[in-house]
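Novice: Dropping in my_file.tsv, with TSV, C-alpha atoms.
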chain	number	residue	atom	x	y	z
F	1	MET	CA	69.10	133.80	75.55
F	2	MET	CA	66.58	132.32	77.91
F	3	ARG	CA	66.70	128.58	78.66
F	4	SER	CA	63.30	126.76	78.60
F	5	ARG	CA	62.39	124.60	81.49
F	6	ILE	CA	60.37	121.34	81.31
F	7	SER	CA	58.12	120.48	84.21
F	8	LYS	CA	57.84	116.95	85.60
F	9	GLN	CA	54.39	116.66	84.05
F	10	GLU	CA	55.91	117.28	80.63
F	11	GLN	CA	58.80	114.87	80.96
F	12	GLY	CA	58.78	111.65	78.75
F	13	PHE	CA	60.10	108.09	79.27
F	14	THR	CA	63.75	107.37	79.50
F	15	LEU	CA	65.20	104.86	77.05
F	16	VAL	CA	65.47	102.25	79.80
F	17	GLU	CA	61.82	102.70	80.76
F	18	LEU	CA	60.76	102.45	77.12
F	19	LEU	CA	62.72	99.23	76.64
F	20	ILE	CA	61.23	97.73	79.80
F	21	ALA	CA	57.69	98.67	78.69
F	22	MET	CA	58.25	97.15	75.26
F	23	ALA	CA	59.59	93.93	76.79
F	24	VAL	CA	56.62	93.62	79.16
F	25	SER	CA	54.18	94.39	76.32
F	26	SER	CA	55.83	91.76	74.11
F	27	ILE	CA	55.52	89.14	76.84
F	28	VAL	CA	51.84	89.98	77.37
F	29	LEU	CA	51.13	89.95	73.61
F	30	LEU	CA	52.97	86.65	73.22
F	31	ALA	CA	50.93	85.12	76.03
F	32	VAL	CA	47.69	86.43	74.50
F	33	PHE	CA	48.66	85.16	71.05
F	34	SER	CA	49.66	81.75	72.46
F	35	LEU	CA	46.31	81.49	74.24
F	36	PHE	CA	44.49	82.52	71.06
F	37	TRP	CA	46.44	79.96	69.00
F	38	ALA	CA	45.71	77.21	71.53
F	39	GLN	CA	42.02	78.10	71.49
F	40	GLN	CA	42.02	78.04	67.69
F	41	ARG	CA	43.64	74.62	67.64
F	42	SER	CA	41.20	73.30	70.25
F	43	PHE	CA	38.23	74.75	68.38
F	44	LYS	CA	39.37	73.16	65.11
F	45	GLN	CA	39.89	69.82	66.79
F	46	GLN	CA	36.53	69.90	68.55
F	47	SER	CA	34.83	70.90	65.30
F	48	GLU	CA	36.41	67.93	63.52
F	49	LEU	CA	35.41	65.63	66.36
F	50	ALA	CA	31.81	66.85	66.24
F	51	ARG	CA	31.71	66.50	62.46
F	52	ASN	CA	33.16	62.98	62.51
F	53	GLN	CA	30.84	61.98	65.35
F	54	ALA	CA	27.82	63.09	63.33
F	55	GLN	CA	29.08	61.26	60.23
F	56	LEU	CA	29.65	58.05	62.20
F	57	ARG	CA	26.16	58.12	63.64
F	58	ALA	CA	24.52	58.86	60.29
F	59	ALA	CA	26.53	56.20	58.46
F	60	LEU	CA	25.90	53.57	61.13
F	61	HIS	CA	22.18	54.36	61.00
F	62	MET	CA	22.07	53.81	57.23
F	63	VAL	CA	24.00	50.54	57.35
F	64	ALA	CA	21.87	49.26	60.24
F	65	ARG	CA	18.66	50.20	58.43
F	66	ASP	CA	19.61	48.18	55.35
F	67	ILE	CA	20.81	45.19	57.38
F	68	ARG	CA	17.48	45.14	59.22
F	69	MET	CA	15.83	44.99	55.79
F	70	ALA	CA	18.03	42.09	54.62
F	71	GLY	CA	15.80	39.21	53.58
F	72	TYR	CA	12.67	41.32	53.21
F	73	SER	CA	10.87	40.57	49.96
F	74	GLY	CA	7.24	41.57	50.40
F	75	ILE	CA	6.27	37.94	49.75
F	76	ALA	CA	5.46	35.90	52.85
F	77	LEU	CA	8.65	34.06	53.86
F	78	GLY	CA	10.00	34.71	50.37
F	79	PHE	CA	13.71	34.31	51.09
F	80	ASP	CA	13.08	31.42	53.47
F	81	ARG	CA	11.66	29.32	50.66
F	82	GLU	CA	14.21	30.23	48.00
F	83	PRO	CA	17.17	27.85	48.52
F	84	THR	CA	19.52	29.60	46.06
F	85	LEU	CA	19.39	32.93	47.88
F	86	TYR	CA	20.43	34.03	51.36
F	87	PRO	CA	20.08	37.67	52.40
F	88	ILE	CA	23.45	38.15	54.17
F	89	ARG	CA	26.87	37.30	52.81
F	90	PRO	CA	29.87	37.74	55.13
F	91	TRP	CA	33.10	39.00	53.62
F	92	PRO	CA	35.92	37.56	55.76
F	93	MET	CA	38.69	40.12	55.90
F	94	GLU	CA	40.36	39.75	59.27
F	95	GLY	CA	44.03	38.86	58.98
F	96	THR	CA	43.85	38.50	55.20
F	97	THR	CA	44.41	40.58	52.10
F	98	VAL	CA	41.08	40.05	50.42
F	99	VAL	CA	39.69	42.28	47.69
F	100	LEU	CA	36.16	42.81	46.46
F	101	ASP	CA	35.07	41.25	43.18
F	102	ASP	CA	35.99	44.33	41.15
F	103	GLY	CA	39.50	44.47	42.62
F	104	THR	CA	38.83	47.08	45.32
F	105	LEU	CA	41.39	46.55	48.10
F	106	LEU	CA	40.03	47.39	51.52
F	107	PRO	CA	42.40	49.57	53.56
F	108	ASP	CA	44.42	48.40	56.55
F	109	ASP	CA	44.10	50.22	59.85
F	110	PRO	CA	47.34	50.22	61.89
F	111	LYS	CA	45.45	49.58	65.12
F	112	TYR	CA	42.49	47.42	64.09
F	113	GLY	CA	43.77	45.54	61.04
F	114	GLN	CA	42.08	44.80	57.73
F	115	SER	CA	38.75	46.56	57.25
F	116	GLU	CA	35.84	44.22	56.54
F	117	ALA	CA	32.69	44.27	54.43
F	118	ILE	CA	29.13	42.96	54.56
F	119	GLU	CA	26.78	42.14	51.69
F	120	VAL	CA	22.98	42.22	52.02
F	121	TRP	CA	20.09	41.35	49.70
F	122	GLY	CA	16.52	42.55	50.03
F	123	ASN	CA	13.62	44.58	48.73
F	124	PHE	CA	15.00	47.94	49.82
F	125	LEU	CA	12.35	49.71	47.75
F	126	ARG	CA	9.75	48.32	50.20
F	127	GLU	CA	7.27	47.96	47.35
F	128	THR	CA	5.93	45.10	45.24
F	129	THR	CA	3.91	44.75	42.08
F	130	THR	CA	1.86	41.86	40.63
F	131	ILE	CA	1.69	39.44	37.72
F	132	ALA	CA	-0.84	40.26	34.99
F	133	GLY	CA	-2.58	37.06	33.84
F	134	GLN	CA	-1.81	33.33	34.06
F	135	HIS	CA	1.61	31.87	33.17
F	136	LEU	CA	2.55	28.22	32.74
F	137	GLY	CA	5.53	26.54	34.35
F	138	GLY	CA	8.54	26.67	32.04
F	139	SER	CA	7.61	30.09	30.67
F	140	ASN	CA	10.47	32.58	30.37
F	141	THR	CA	8.23	35.53	29.48
F	142	ILE	CA	5.85	37.16	31.97
F	143	THR	CA	3.66	40.26	32.08
F	144	ILE	CA	3.85	42.54	35.12
F	145	ASN	CA	1.55	45.29	36.34
F	146	ASN	CA	3.20	48.65	37.11
F	147	PRO	CA	6.51	47.78	35.40
F	148	GLY	CA	7.91	51.20	36.31
F	149	LEU	CA	8.65	49.96	39.83
F	150	LEU	CA	11.35	47.71	38.31
F	151	VAL	CA	12.32	49.63	35.18
F	152	ASP	CA	12.59	53.10	36.73
F	153	GLN	CA	14.84	51.78	39.52
F	154	TYR	CA	16.95	49.64	37.15
F	155	VAL	CA	16.16	46.45	39.11
F	156	LYS	CA	17.93	43.36	37.72
F	157	ARG	CA	16.73	40.50	39.97
F	158	ILE	CA	13.25	39.62	41.23
F	159	LEU	CA	11.33	37.13	43.36
F	160	ILE	CA	7.96	35.85	42.13
F	161	GLY	CA	5.56	34.02	44.41
F	162	ASN	CA	2.63	33.74	46.76
F	163	GLU	CA	2.02	32.23	50.20
F	164	SER	CA	3.01	28.72	49.09
F	165	VAL	CA	5.78	29.01	46.48
F	166	VAL	CA	8.49	31.48	45.48
F	167	SER	CA	11.21	31.57	42.80
F	168	TYR	CA	14.22	33.79	42.04
F	169	HIS	CA	14.92	35.19	38.55
F	170	GLU	CA	17.07	37.57	36.54
F	171	ILE	CA	15.47	40.05	34.15
F	172	THR	CA	17.09	39.71	30.70
F	173	ALA	CA	14.79	41.87	28.53
F	174	VAL	CA	11.90	44.33	28.93
F	175	SER	CA	9.24	45.72	26.59
F	176	GLY	CA	5.74	47.16	26.91
F	177	GLY	CA	4.03	50.24	28.27
F	178	ASP	CA	3.66	52.07	31.56
F	179	THR	CA	0.70	49.99	32.80
F	180	VAL	CA	1.70	46.46	31.81
F	181	GLY	CA	5.21	45.38	30.81
F	182	THR	CA	6.58	42.21	29.29
F	183	PHE	CA	9.68	40.79	30.99
F	184	THR	CA	11.96	37.99	29.84
F	185	ILE	CA	13.39	36.11	32.81
F	186	ASN	CA	16.08	33.53	33.54
F	187	PRO	CA	15.62	30.81	34.69
F	188	PRO	CA	12.07	30.10	33.43
F	189	LEU	CA	9.19	29.73	35.90
F	190	PRO	CA	9.51	26.42	37.78
F	191	VAL	CA	5.74	26.14	38.36
F	192	PRO	CA	2.62	27.89	37.03
F	193	ILE	CA	1.84	31.30	38.53
F	194	ALA	CA	-1.51	33.03	38.73
F	195	ASP	CA	-2.86	36.48	38.11
F	196	SER	CA	-1.98	38.84	41.02
F	197	ASP	CA	0.93	36.73	42.30
F	198	VAL	CA	3.54	39.04	43.81
F	199	VAL	CA	6.69	40.32	42.08
F	200	ALA	CA	9.33	41.71	44.46
F	201	PRO	CA	12.45	43.66	43.40
F	202	ILE	CA	15.59	42.10	44.89
F	203	ILE	CA	18.61	44.37	45.27
F	204	ARG	CA	22.21	43.49	46.15
F	205	ARG	CA	24.28	45.87	48.31
F	206	ILE	CA	27.78	45.76	49.80
F	207	PHE	CA	29.06	48.05	52.57
F	208	PHE	CA	32.81	48.61	52.85
F	209	VAL	CA	35.52	51.21	53.49
F	210	LYS	CA	37.33	52.54	50.44
F	211	GLN	CA	40.40	54.76	50.27
F	212	GLU	CA	40.88	57.46	47.64
F	213	ASP	CA	43.27	60.38	47.18
F	214	ARG	CA	41.44	63.68	47.61
F	215	THR	CA	42.86	67.14	46.85
F	216	SER	CA	42.09	70.24	48.90
F	217	GLY	CA	43.96	73.29	47.71
F	218	ALA	CA	47.60	72.31	47.32
F	219	LEU	CA	47.27	69.28	49.63
F	220	THR	CA	46.54	65.77	48.31
F	221	GLU	CA	46.09	63.02	50.87
F	222	PRO	CA	44.36	59.61	51.14
F	223	VAL	CA	40.86	59.76	52.64
F	224	ASN	CA	38.77	56.77	53.75
F	225	PHE	CA	35.05	56.60	52.93
F	226	LEU	CA	32.26	54.28	53.97
F	227	VAL	CA	30.65	53.15	50.72
F	228	ARG	CA	27.29	51.55	49.90
F	229	ARG	CA	27.55	49.69	46.58
F	230	THR	CA	24.26	48.86	44.81
F	231	TYR	CA	24.06	46.62	41.73
F	232	VAL	CA	21.65	47.57	38.94
F	233	ALA	CA	20.96	47.22	35.26
F	234	ASP	CA	23.01	49.93	33.55
F	235	PRO	CA	20.79	53.03	33.76
F	236	THR	CA	22.55	54.72	30.85
F	237	LYS	CA	21.57	52.00	28.36
F	238	PRO	CA	18.36	52.16	26.30
F	239	LEU	CA	15.57	49.89	27.53
F	240	ASN	CA	15.96	47.35	24.73
F	241	THR	CA	19.60	46.63	25.69
F	242	ARG	CA	19.73	47.60	29.37
F	243	TYR	CA	19.13	44.08	30.70
F	244	ALA	CA	21.74	42.25	28.64
F	245	ALA	CA	24.13	40.23	30.79
F	246	THR	CA	27.06	42.58	30.11
F	247	ASN	CA	25.09	45.68	31.11
F	248	THR	CA	24.94	45.06	34.85
F	249	CYS	CA	26.96	47.56	36.87
F	250	PHE	CA	27.25	49.07	40.33
F	251	ILE	CA	26.69	52.53	41.80
F	252	ASP	CA	28.79	53.60	44.81
F	253	GLU	CA	27.33	56.05	47.32
F	254	GLU	CA	29.56	57.64	49.96
F	255	LEU	CA	27.84	57.44	53.35
F	256	GLY	CA	30.56	59.36	55.19
F	257	ASP	CA	34.20	60.38	54.90
F	258	HIS	CA	37.08	60.02	57.35
F	259	ILE	CA	35.63	56.65	58.41
F	260	ASP	CA	38.71	54.48	58.66
F	261	TYR	CA	37.51	51.03	59.65
F	262	LEU	CA	34.48	48.73	59.47
F	263	ASN	CA	34.36	45.62	61.63
F	264	VAL	CA	31.55	43.06	61.29
F	265	ARG	CA	30.97	40.26	63.80
F	266	TYR	CA	28.25	37.65	63.47
F	267	ASN	CA	26.50	36.04	66.42
F	268	LEU	CA	25.38	32.54	65.57
F	269	VAL	CA	22.69	30.02	66.51
F	270	GLU	CA	22.98	26.29	67.06
F	271	LEU	CA	22.17	23.75	64.37
F	272	ASN	CA	19.98	20.67	64.55
F	273	PRO	CA	21.40	17.29	63.51
F	274	ASP	CA	19.92	17.91	60.03
F	275	ASN	CA	22.08	21.09	59.79
F	276	LYS	CA	19.22	23.56	60.18
F	277	PRO	CA	19.11	26.40	62.75
F	278	ASN	CA	17.11	25.52	65.86
F	279	GLY	CA	16.75	29.11	67.07
F	280	ASN	CA	18.92	28.72	70.18
F	281	VAL	CA	21.86	31.09	70.57
F	282	ASP	CA	25.26	29.43	70.35
F	283	THR	CA	26.92	30.12	73.70
F	284	SER	CA	30.13	28.23	73.02
F	285	PRO	CA	33.45	30.12	73.23
F	286	ASP	CA	34.53	32.26	70.30
F	287	THR	CA	37.04	29.61	69.30
F	288	ALA	CA	34.12	27.26	68.65
F	289	GLY	CA	32.53	29.76	66.30
F	290	SER	CA	29.75	31.38	68.35
F	291	GLN	CA	30.90	34.79	67.16
F	292	THR	CA	32.99	35.21	64.07
F	293	ASN	CA	33.64	37.40	61.06
F	294	ASN	CA	33.45	34.38	58.74
F	295	PRO	CA	30.67	31.91	59.65
F	296	SER	CA	31.03	28.62	57.80
F	297	ASN	CA	27.24	28.47	57.39
F	298	PRO	CA	25.52	31.85	56.92
F	299	CYS	CA	22.22	30.24	57.90
F	300	ARG	CA	23.49	30.31	61.50
F	301	ILE	CA	23.57	34.13	61.68
F	302	SER	CA	21.24	35.45	64.40
F	303	SER	CA	22.51	39.00	64.93
F	304	ILE	CA	25.30	41.26	63.72
F	305	GLU	CA	27.62	43.64	65.55
F	306	LEU	CA	28.90	46.59	63.53
F	307	GLN	CA	31.87	48.72	64.56
F	308	LEU	CA	32.78	51.95	62.77
F	309	VAL	CA	35.98	53.82	63.64
F	310	SER	CA	36.88	57.39	62.71
F	311	LYS	CA	40.06	59.27	63.58
F	312	THR	CA	40.63	62.96	64.20
F	313	TRP	CA	44.23	64.13	64.38
F	314	GLY	CA	45.41	65.73	67.58
F	315	PRO	CA	46.14	69.48	68.00
F	316	LEU	CA	48.30	71.05	65.32
F	317	THR	CA	51.96	71.51	66.08
F	318	ALA	CA	53.50	74.95	66.42
F	319	GLN	CA	54.40	74.69	62.71
F	320	GLY	CA	50.77	74.03	61.78
F	321	GLN	CA	51.28	70.34	61.00
F	322	LYS	CA	49.04	67.47	62.12
F	323	GLY	CA	49.78	65.98	65.49
F	324	ASN	CA	51.31	62.53	65.67
F	325	VAL	CA	48.59	60.84	67.74
F	326	PRO	CA	45.02	60.81	66.35
F	327	LEU	CA	41.92	60.87	68.52
F	328	THR	CA	39.72	57.86	67.81
F	329	LEU	CA	35.92	57.73	67.69
F	330	ASP	CA	34.51	54.23	67.99
F	331	HIS	CA	30.82	53.36	67.53
F	332	VAL	CA	29.40	49.85	67.99
F	333	GLN	CA	25.82	48.72	67.37
F	334	LYS	CA	24.20	45.30	67.59
F	335	ILE	CA	21.62	44.67	64.87
F	336	GLN	CA	18.92	42.03	64.68
F	337	PRO	CA	17.85	41.47	61.06
F	338	ARG	CA	14.06	41.37	61.08
F	339	ASN	CA	13.57	38.96	58.20
F	340	ILE	CA	15.97	36.08	58.79
F	341	GLY	CA	15.32	33.08	60.97
F	342	LEU	CA	11.59	33.16	60.23
F	343	SER	CA	11.80	29.56	59.02
F	344	ASN	CA	14.44	26.89	58.44
F	345	TYR	CA	16.74	28.12	55.73
F	346	VAL	CA	18.44	25.80	53.31
F	347	CYS	CA	20.86	28.22	51.71
F	348	SER	CA	23.63	27.93	49.18
F	349	ALA	CA	26.83	29.95	49.24
F	350	THR	CA	25.97	32.10	46.23
F	351	PRO	CA	22.87	32.68	44.09
F	352	ALA	CA	22.72	30.25	41.17
F	353	LEU	CA	22.40	32.84	38.42
F	354	THR	CA	24.66	34.77	36.06
F	355	ALA	CA	27.54	36.40	37.91
F	356	TRP	CA	27.34	40.12	38.52
F	357	ILE	CA	29.39	42.26	36.18
F	358	GLU	CA	31.90	44.13	38.34
F	359	ILE	CA	32.05	47.51	36.58
F	360	SER	CA	31.10	50.94	37.84
F	361	CYS	CA	28.00	52.46	36.23
F	362	PRO	CA	28.52	55.58	34.13
F	363	THR	CA	27.18	58.46	36.20
F	364	SER	CA	26.59	61.14	33.59
F	365	GLY	CA	22.94	62.07	33.54
F	366	THR	CA	21.96	59.26	35.88
F	367	THR	CA	19.38	59.59	38.61
F	368	PHE	CA	19.04	56.77	41.11
F	369	GLY	CA	16.24	56.56	43.65
F	370	LEU	CA	17.16	53.66	45.91
Please express the file's structure as structure tokens.

Specialist:
Amino acid sequence: MMRSRISKQEQGFTLVELLIAMAVSSIVLLAVFSLFWAQQRSFKQQSELARNQAQLRAALHMVARDIRMAGYSGIALGFDREPTLYPIRPWPMEGTTVVLDDGTLLPDDPKYGQSEAIEVWGNFLRETTTIAGQHLGGSNTITINNPGLLVDQYVKRILIGNESVVSYHEITAVSGGDTVGTFTINPPLPVPIADSDVVAPIIRRIFFVKQEDRTSGALTEPVNFLVRRTYVADPTKPLNTRYAATNTCFIDEELGDHIDYLNVRYNLVELNPDNKPNGNVDTSPDTAGSQTNNPSNPCRISSIELQLVSKTWGPLTAQGQKGNVPLTLDHVQKIQPRNIGLSNYVCSATPALTAWIEISCPTSGTTFGL
């Protein structure tokens, strides 16, 4: 029998060499996988940061836009001459456990404290219509040109006036056609009004952070949203009953999620001896009330500082869980409302009309154009 011979070129690895090669390959693969996993975590985190950054900017823009419109009516100095109505209402939240009128509890932030809220009133539609014909003082029924401006947007409150007088009313009933509509109002007209006097829709909005449980796959966790709440006549009711006192409701719009905190600070002006703003900025220390989240007299507000905070959790742990320390995004903007301080306000704490009904509007089949 002849014995075969194997040349060196045909020889394989020894067991020791194979084990060493496998160990080195495992180390290299582990390093590559660790680098890939770290890059994945970093990419996810940066994507969340970019997303939250964009949401903060968009939400802050929308809040600032509405605050700049606070007090706008479309009637010359309309809010300035209506003593029962002031376009900005502070909601003092700092260091307290205060809830909105409907019972909504604003969330606490472990770093910043109780989230705050701000309420604004104005003609956010940026349109007006006119009175059709003459109406005597004391009348509680008026005719309005282009009633669709009010009816189609479910407007509940209006200002009526001209360059010399203005009054604030609640719509309690509507009838008529598309060109001219008949509106019942409360309170009645205080003085006569003339044909072509201006009718301005007045809308109430509140901005606040709300927390809800949201489910994604098998995970349910609390998520904070920045909400814009708008009060309207119930859009699901037929026209002949829509404006009854019990049919006022609110519609909540989410302006952005994962927004954890809203802080509102008000910069104030000095008052004259007769308790009216003199236009000069109050430069006294904060303890004297030059900047506060709860001004004792809202007529003193000159500008508003908004702060929105969003958090993105740090890199995932090796087990795929959220990191313990979140990364915080913090945006601050100073806003000068364009339509306050145009005259000497004499404002009351709340509008002297029927209280708003604090119920959420049914949303089925509802379209809302504000």

Novice: How many Å lie between atom CA of Glu119 of chain F and atom CA of Ile142 of chain F, rounded to one decimal?

Specialist: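 Result for atom CA of Glu119 of chain F versus atom CA of Ile142 of chain F: 29.2 Å, one decimal.
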
Novice: Interatomic distance between atom CA of Pro87 of chain F and atom CA of Arg300 of chain F?

Specialist: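 Going from atom CA of Pro87 of chain F over to atom CA of Arg300 of chain F covers 12.2 Å.
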
Novice: With only C-alpha atoms as the counted atoms, please give the residues lying no more than 6 Å from Trp121 of chain F, apart from itself and same-chain residues fewer than 4 positions off, as an MDAnalysis selection string.

Specialist: chainID F and resid 70 87 203:204

Novice: Using only C-alpha atoms, find the one residue out of F:Asp102, F:Pro107, F:Asn162, F:Leu239 that sits nearest to Gly148 of chain F.

Specialist: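 Nearest candidate to Gly148 of chain F out of F:Asp102, F:Pro107, F:Asn162, F:Leu239: F:Leu239.
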
Novice: In the coordinate frame of the file, compute which residues have an atom within 10 Å of (23.3, 31.9, 59.7) when using only C-alpha atoms, and state them as a short mmCIF file (atom, residue, chain, number, x, y, z; two decimals) with C-alpha atoms, in the frame of the given file.

Specialist:
data_model
loop_
_atom_site.label_atom_id
_atom_site.label_comp_id
_atom_site.auth_asym_id
_atom_site.auth_seq_id
_atom_site.Cartn_x
_atom_site.Cartn_y
_atom_site.Cartn_z
CA TYR F 86 20.43 34.03 51.36
CA PRO F 87 20.08 37.67 52.40
CA ILE F 88 23.45 38.15 54.17
CA ARG F 89 26.87 37.30 52.81
CA PRO F 90 29.87 37.74 55.13
CA TYR F 266 28.25 37.65 63.47
CA ASN F 267 26.50 36.04 66.42
CA LEU F 268 25.38 32.54 65.57
CA VAL F 269 22.69 30.02 66.51
CA GLU F 270 22.98 26.29 67.06
CA LEU F 271 22.17 23.75 64.37
CA LYS F 276 19.22 23.56 60.18
CA PRO F 277 19.11 26.40 62.75
CA PRO F 295 30.67 31.91 59.65
CA SER F 296 31.03 28.62 57.80
CA ASN F 297 27.24 28.47 57.39
CA PRO F 298 25.52 31.85 56.92
CA CYS F 299 22.22 30.24 57.90
CA ARG F 300 23.49 30.31 61.50
CA ILE F 301 23.57 34.13 61.68
CA SER F 302 21.24 35.45 64.40
CA SER F 303 22.51 39.00 64.93
CA ILE F 340 15.97 36.08 58.79
CA GLY F 341 15.32 33.08 60.97
CA TYR F 345 16.74 28.12 55.73
CA CYS F 347 20.86 28.22 51.71
#

Novice: Check the smallest atom-to-atom distance from each of F:Thr354, F:Ser73, F:Gln307, F:Thr172 to Ile118 of chain F using only C-alpha atoms, then report the winner.

Specialist: F:Gln307

Novice: Need the shell around Tyr168 of chain F: protein/DNA/RNA residues with any atom at most 8 Å away, counting all atoms listed in the file. Skip same-chain ones fewer than 2 positions apart. Format as a PyMOL selection string?

Specialist: chain F and resi 82+84-85+157-160+166+170

Novice: Determine, counting only C-alpha atoms, which protein, DNA and RNA residues have an atom within 9 Å of an atom of Phe250 of chain F; residues of the same chain fewer than 4 positions away are not included. Present the result as a ChimeraX atom specification.

Specialist: /F:229-234,357-361

Novice: Tell me which of F:Glu163, F:Glu127, F:Asp178, F:Asp330 sits closest to Leu308 of chain F, counting all atoms listed in the file.

Specialist: F:Asp330

Novice: Give me the residues within 12 Å of Pro238 of chain F as a ChimeraX atom specification, counting all atoms listed in the file and dropping any in the same chain fewer than 6 places off.

Specialist: /F:151-152,154,173-175,244,247

Novice: Could you dump the residues just selected with C-alpha atoms as an mmCIF file, keeping the file's coordinate frame?

Specialist:
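File out-v8.cif, as written:
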data_model
loop_
_atom_site.group_PDB
_atom_site.id
_atom_site.type_symbol
_atom_site.label_atom_id
_atom_site.label_comp_id
_atom_site.auth_asym_id
_atom_site.auth_seq_id
_atom_site.Cartn_x
_atom_site.Cartn_y
_atom_site.Cartn_z
ATOM 1 C CA VAL F 151 12.320 49.630 35.180
ATOM 2 C CA ASP F 152 12.590 53.100 36.730
ATOM 3 C CA TYR F 154 16.950 49.640 37.150
ATOM 4 C CA ALA F 173 14.790 41.870 28.530
ATOM 5 C CA VAL F 174 11.900 44.330 28.930
ATOM 6 C CA SER F 175 9.240 45.720 26.590
ATOM 7 C CA ALA F 244 21.740 42.250 28.640
ATOM 8 C CA ASN F 247 25.090 45.680 31.110
#

Novice: Please provide as a PDB file with C-alpha atoms, keeping the file's coordinate frame all residues within 12 Å of segment 61-64 of chain F, with the sequence filter that same-chain residues fewer than 3 positions apart are discarded (counting only C-alpha atoms).

Specialist:
ATOM      1  CA  ALA F  54      27.820  63.090  63.330  1.00  0.00           C
ATOM      2  CA  GLN F  55      29.080  61.260  60.230  1.00  0.00           C
ATOM      3  CA  LEU F  56      29.650  58.050  62.200  1.00  0.00           C
ATOM      4  CA  ARG F  57      26.160  58.120  63.640  1.00  0.00           C
ATOM      5  CA  ALA F  58      24.520  58.860  60.290  1.00  0.00           C
ATOM      6  CA  ILE F  67      20.810  45.190  57.380  1.00  0.00           C
ATOM      7  CA  ARG F  68      17.480  45.140  59.220  1.00  0.00           C
ATOM      8  CA  MET F  69      15.830  44.990  55.790  1.00  0.00           C
ATOM      9  CA  ALA F  70      18.030  42.090  54.620  1.00  0.00           C
ATOM     10  CA  ALA F 117      32.690  44.270  54.430  1.00  0.00           C
ATOM     11  CA  ILE F 118      29.130  42.960  54.560  1.00  0.00           C
ATOM     12  CA  GLU F 119      26.780  42.140  51.690  1.00  0.00           C
ATOM     13  CA  VAL F 120      22.980  42.220  52.020  1.00  0.00           C
ATOM     14  CA  PHE F 124      15.000  47.940  49.820  1.00  0.00           C
ATOM     15  CA  ARG F 205      24.280  45.870  48.310  1.00  0.00           C
ATOM     16  CA  ILE F 206      27.780  45.760  49.800  1.00  0.00           C
ATOM     17  CA  PHE F 207      29.060  48.050  52.570  1.00  0.00           C
ATOM     18  CA  PHE F 208      32.810  48.610  52.850  1.00  0.00           C
ATOM     19  CA  LEU F 226      32.260  54.280  53.970  1.00  0.00           C
ATOM     20  CA  VAL F 227      30.650  53.150  50.720  1.00  0.00           C
ATOM     21  CA  ARG F 228      27.290  51.550  49.900  1.00  0.00           C
ATOM     22  CA  ARG F 229      27.550  49.690  46.580  1.00  0.00           C
ATOM     23  CA  GLU F 253      27.330  56.050  47.320  1.00  0.00           C
ATOM     24  CA  GLU F 254      29.560  57.640  49.960  1.00  0.00           C
ATOM     25  CA  LEU F 255      27.840  57.440  53.350  1.00  0.00           C
ATOM     26  CA  GLY F 256      30.560  59.360  55.190  1.00  0.00           C
ATOM     27  CA  LEU F 262      34.480  48.730  59.470  1.00  0.00           C
ATOM     28  CA  VAL F 264      31.550  43.060  61.290  1.00  0.00           C
ATOM     29  CA  SER F 303      22.510  39.000  64.930  1.00  0.00           C
ATOM     30  CA  ILE F 304      25.300  41.260  63.720  1.00  0.00           C
ATOM     31  CA  GLU F 305      27.620  43.640  65.550  1.00  0.00           C
ATOM     32  CA  LEU F 306      28.900  46.590  63.530  1.00  0.00           C
ATOM     33  CA  GLN F 307      31.870  48.720  64.560  1.00  0.00           C
ATOM     34  CA  LEU F 308      32.780  51.950  62.770  1.00  0.00           C
ATOM     35  CA  HIS F 331      30.820  53.360  67.530  1.00  0.00           C
ATOM     36  CA  VAL F 332      29.400  49.850  67.990  1.00  0.00           C
ATOM     37  CA  GLN F 333      25.820  48.720  67.370  1.00  0.00           C
ATOM     38  CA  LYS F 334      24.200  45.300  67.590  1.00  0.00           C
ATOM     39  CA  ILE F 335      21.620  44.670  64.870  1.00  0.00           C
ATOM     40  CA  GLN F 336      18.920  42.030  64.680  1.00  0.00           C
ATOM     41  CA  PRO F 337      17.850  41.470  61.060  1.00  0.00           C
ATOM     42  CA  ARG F 338      14.060  41.370  61.080  1.00  0.00           C
TER      43      ARG F 338
END

Novice: Taking only C-alpha atoms into account, name the residue in F:Leu35, F:Ser310, F:Pro147, F:His258 that is nearest to Glu221 of chain F.

Specialist: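 Of F:Leu35, F:Ser310, F:Pro147, F:His258, the one nearest Glu221 of chain F is F:His258, counting only C-alpha atoms.
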
Novice: Provide the atom CA of Thr215 of chain F to atom CA of Asp101 of chain F distance in Å, to one decimal place.

Specialist: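 Answer for the atom CA of Thr215 of chain F to atom CA of Asp101 of chain F separation: 27.3 Å.
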
Novice: From the set F:Val209, F:Asn123, F:Lys111, F:Asn224, which residue has the shortest atom-to-atom contact distance to Val99 of chain F, counting all atoms listed in the file?

Specialist: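 Checking each candidate against Val99 of chain F, we get F:Val209 as the closest.
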
Novice: Using all atoms listed in the file, can you tell me which of F:Gly74, F:Thr104, F:Gly176, F:Val165 comes closest to Ile202 of chain F?

Specialist: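 Using all atoms listed in the file, Ile202 of chain F sits closest to F:Gly74.
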